[in-house]
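Undergrad: Sharing a structure, written as C-alpha cells. Questions coming.
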Amino acid sequence: MIRVGILTVSDRSARGERLDASGPALEAVVLQQGWQVLFKAVLPDDLLAVRDLLADWADSDELDLILTTGGTGFAPRDVTPEATNAVIQRPAPGLPEAMRQASLRVTPHAMLSRAAAGIRGRTLIVNLPGSPQGAVENLNTILLVLPHAVQLLRSDPGAEASHRSSAAQ
C-alpha cells in the first residue's frame, strides 16, 4: 500500500476564488491504484509555506509519495520547484524528464514545465502541472515506476527482482 499526500499550490484556490480540480483528479487516480491518500492540502504560491509543508509531510514518516500540483510554470509566483529543491536530499531528474518528454507529444508548452522531483528521507516528492488534465497525464506517465521507487525507498528486499525490463521478461 503506497501512502500518498497531495498538495495543490494555487493562490486562487487557496483564497477560495477557484475550486481545486487538480487535487481531486490526482486523488481519483491514486485511489484507482489501490493506494491511500493520507494528507491533502491547498496552499498559496508561497515558497516558505510550500517548503515547510513538504518538509513536515516527508519528515512525518507517514508518506511514501507526495504529489504536488501547480506552481511549476514561468509565472513569477510559480515557486513549487524551488520549494521542492529546498527540501529534497537527492534529486530524481528522470521523472520530470519523462513527464516533459511525454507531454511534448501533446503540447509544445510542455517544454515550459519546471517540475522537479526528489527524495527526502524515504519519501518521494514529484511536482505535477496545475491543470487537472496535465496533472493526470503526467502522473500516468510515471505511474508504472512509482511502486518500484517506493520499494527501493523502503529497502524492500524484493525490489531487486523487479529491475528487469518488461521486454526481457
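Order determines the names: the first chain of the C-alpha cells is A, the second B, and so forth; residues in each chain are numbered 1 upward, and ligands are numbered 1 upward as they are shown.
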Mind checking which residues fall within 7 Å of region 135-143 of chain A, counting only C-alpha atoms, ignoring those fewer than 3 positions away in the same chain, and posting them as a list of chain:residue names?

TA: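 Neighbouring residues, sequence-local ones excluded: A:Ser22, A:Ala25, A:Leu26, A:Thr69, A:Leu95, A:Met99, A:Ala102, A:Leu128, A:Pro129, A:Gly130, A:Ser131, A:Pro132, A:Leu146.
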
Undergrad: Any chance you could export the current selection's C-alpha atoms as a compact mmCIF listing (two decimals), in the first residue's frame?

TA:
```
# COMPACT_ATOMS: atom_id res chain seq x y z
CA SER A 22 -6.35 19.09 -9.85
CA ALA A 25 -8.29 14.48 -10.10
CA LEU A 26 -4.97 13.17 -8.76
CA THR A 69 0.07 20.15 -8.48
CA LEU A 95 10.76 11.53 -13.50
CA MET A 99 6.91 13.66 -17.96
CA ALA A 102 5.57 12.50 -22.89
CA LEU A 128 2.94 17.95 -11.49
CA PRO A 129 1.29 20.66 -13.61
CA GLY A 130 -1.58 22.72 -12.23
CA SER A 131 -4.25 21.78 -14.74
CA PRO A 132 -6.27 18.65 -13.92
CA LEU A 146 6.25 4.57 -8.63
```

Undergrad: List every residue of region 71-151 of chain A that DSSP, applied to the backbone of this structure, places in strand (DSSP E or B), and write the result as number ranges by chain.

TA: A: 90-91, 117-120, 123-128

Undergrad: Keeping only N, CA and C atoms, take the residues you just selected and write them out as a CSV table (one decimal), in the first residue's frame.

TA:
```csv
chain,number,residue,atom,x,y,z
A,90,ARG,N,18.0,14.2,-2.3
A,90,ARG,CA,18.5,13.6,-3.5
A,90,ARG,C,17.5,13.9,-4.7
A,91,PRO,N,18.0,14.4,-5.8
A,91,PRO,CA,17.1,14.7,-6.9
A,91,PRO,C,16.8,13.4,-7.6
A,117,ALA,N,11.6,16.7,-9.0
A,117,ALA,CA,11.3,15.6,-8.2
A,117,ALA,C,12.5,15.2,-7.4
A,118,GLY,N,12.3,14.6,-6.3
A,118,GLY,CA,13.4,14.1,-5.5
A,118,GLY,C,13.0,13.4,-4.2
A,119,ILE,N,13.9,13.1,-3.4
A,119,ILE,CA,13.7,12.2,-2.3
A,119,ILE,C,14.2,13.0,-1.0
A,120,ARG,N,13.3,12.9,0.0
A,120,ARG,CA,13.6,13.4,1.3
A,120,ARG,C,13.4,12.2,2.3
A,123,THR,N,10.8,9.5,1.4
A,123,THR,CA,9.6,10.0,0.7
A,123,THR,C,10.0,10.6,-0.6
A,124,LEU,N,9.3,10.2,-1.6
A,124,LEU,CA,9.5,10.7,-3.0
A,124,LEU,C,8.5,11.9,-3.2
A,125,ILE,N,9.0,13.0,-3.7
A,125,ILE,CA,8.2,14.2,-3.9
A,125,ILE,C,8.3,14.5,-5.4
A,126,VAL,N,7.1,14.6,-6.1
A,126,VAL,CA,7.0,14.8,-7.5
A,126,VAL,C,6.1,16.0,-7.8
A,127,ASN,N,6.6,17.0,-8.5
A,127,ASN,CA,5.8,18.1,-9.0
A,127,ASN,C,5.1,17.8,-10.3
A,128,LEU,N,3.8,18.1,-10.3
A,128,LEU,CA,2.9,17.9,-11.5
A,128,LEU,C,2.3,19.3,-11.9
```

Undergrad: Taking only C-alpha atoms into account, which of A:Val150, A:Val50, A:Leu38, A:Val87 comes nearest Arg122 (chain A)?

TA: A:Val150

Undergrad: Please identify all polymer residues within 10 Å of Trp35 (chain A), counting only C-alpha atoms, omitting same-chain residues fewer than 6 positions from it, and present them as a list in words.

TA: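 My reading of the contact set: Met1, Ile2, Arg3, Val4, Glu27, Val29 and Pro147 of chain A.
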
Undergrad: Residues of the last selection are to be written out with C-alpha atoms, as a compact mmCIF listing (two decimals), in the first residue's frame.

TA:
```txt
# COMPACT_ATOMS: atom_id res chain seq x y z
CA MET A 1 0.00 0.00 0.00
CA ILE A 2 1.51 3.31 -1.08
CA ARG A 3 0.74 6.22 1.23
CA VAL A 4 0.27 9.50 -0.61
CA GLU A 27 -6.71 11.61 -5.77
CA VAL A 29 -6.00 8.21 -9.97
CA PRO A 147 5.63 1.24 -6.83
```

Undergrad: From the DSSP assignment of the backbone, select every residue of region 14-162 of chain A that is helix (DSSP H, G or I), and format the answer as an MDAnalysis selection string.

TA: chainID A and resid 14 22:32 47:59 80:87 94:104 108:112 132:153 157:162

Undergrad: Expressed in Å to a single decimal, how great is the separation between CA of Val79 (chain A) and CA of Arg15 (chain A)?

TA: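 Rounded to one decimal, the two atoms are 17.3 Å apart.
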
Undergrad: What's the separation between CA of Asn85 (chain A) and CA of Leu48 (chain A), in Å to one decimal place?

TA: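 That distance, rounded to one decimal, is 12.0 Å.
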
Undergrad: Please report the interatomic distance between CA of Asp45 (chain A) and CA of Gln89 (chain A) in Å with one decimal.

TA: 22.0 Å

Undergrad: Please determine, counting only C-alpha atoms, which residue among A:Leu112, A:Leu144, A:Leu47, A:Ala14 has the shortest atom-to-atom distance to Pro81 (chain A).

TA: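 Ranking A:Leu112, A:Leu144, A:Leu47, A:Ala14 by distance to Pro81 (chain A), first place goes to A:Leu47.
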
Undergrad: With distances taken over only C-alpha atoms, which residue among A:Thr80, A:Gln133, A:Thr72, A:Ser103 lies nearest Asp46 (chain A)?

TA: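 Looking at the shortest contact to Asp46 (chain A), the residue is A:Thr80.
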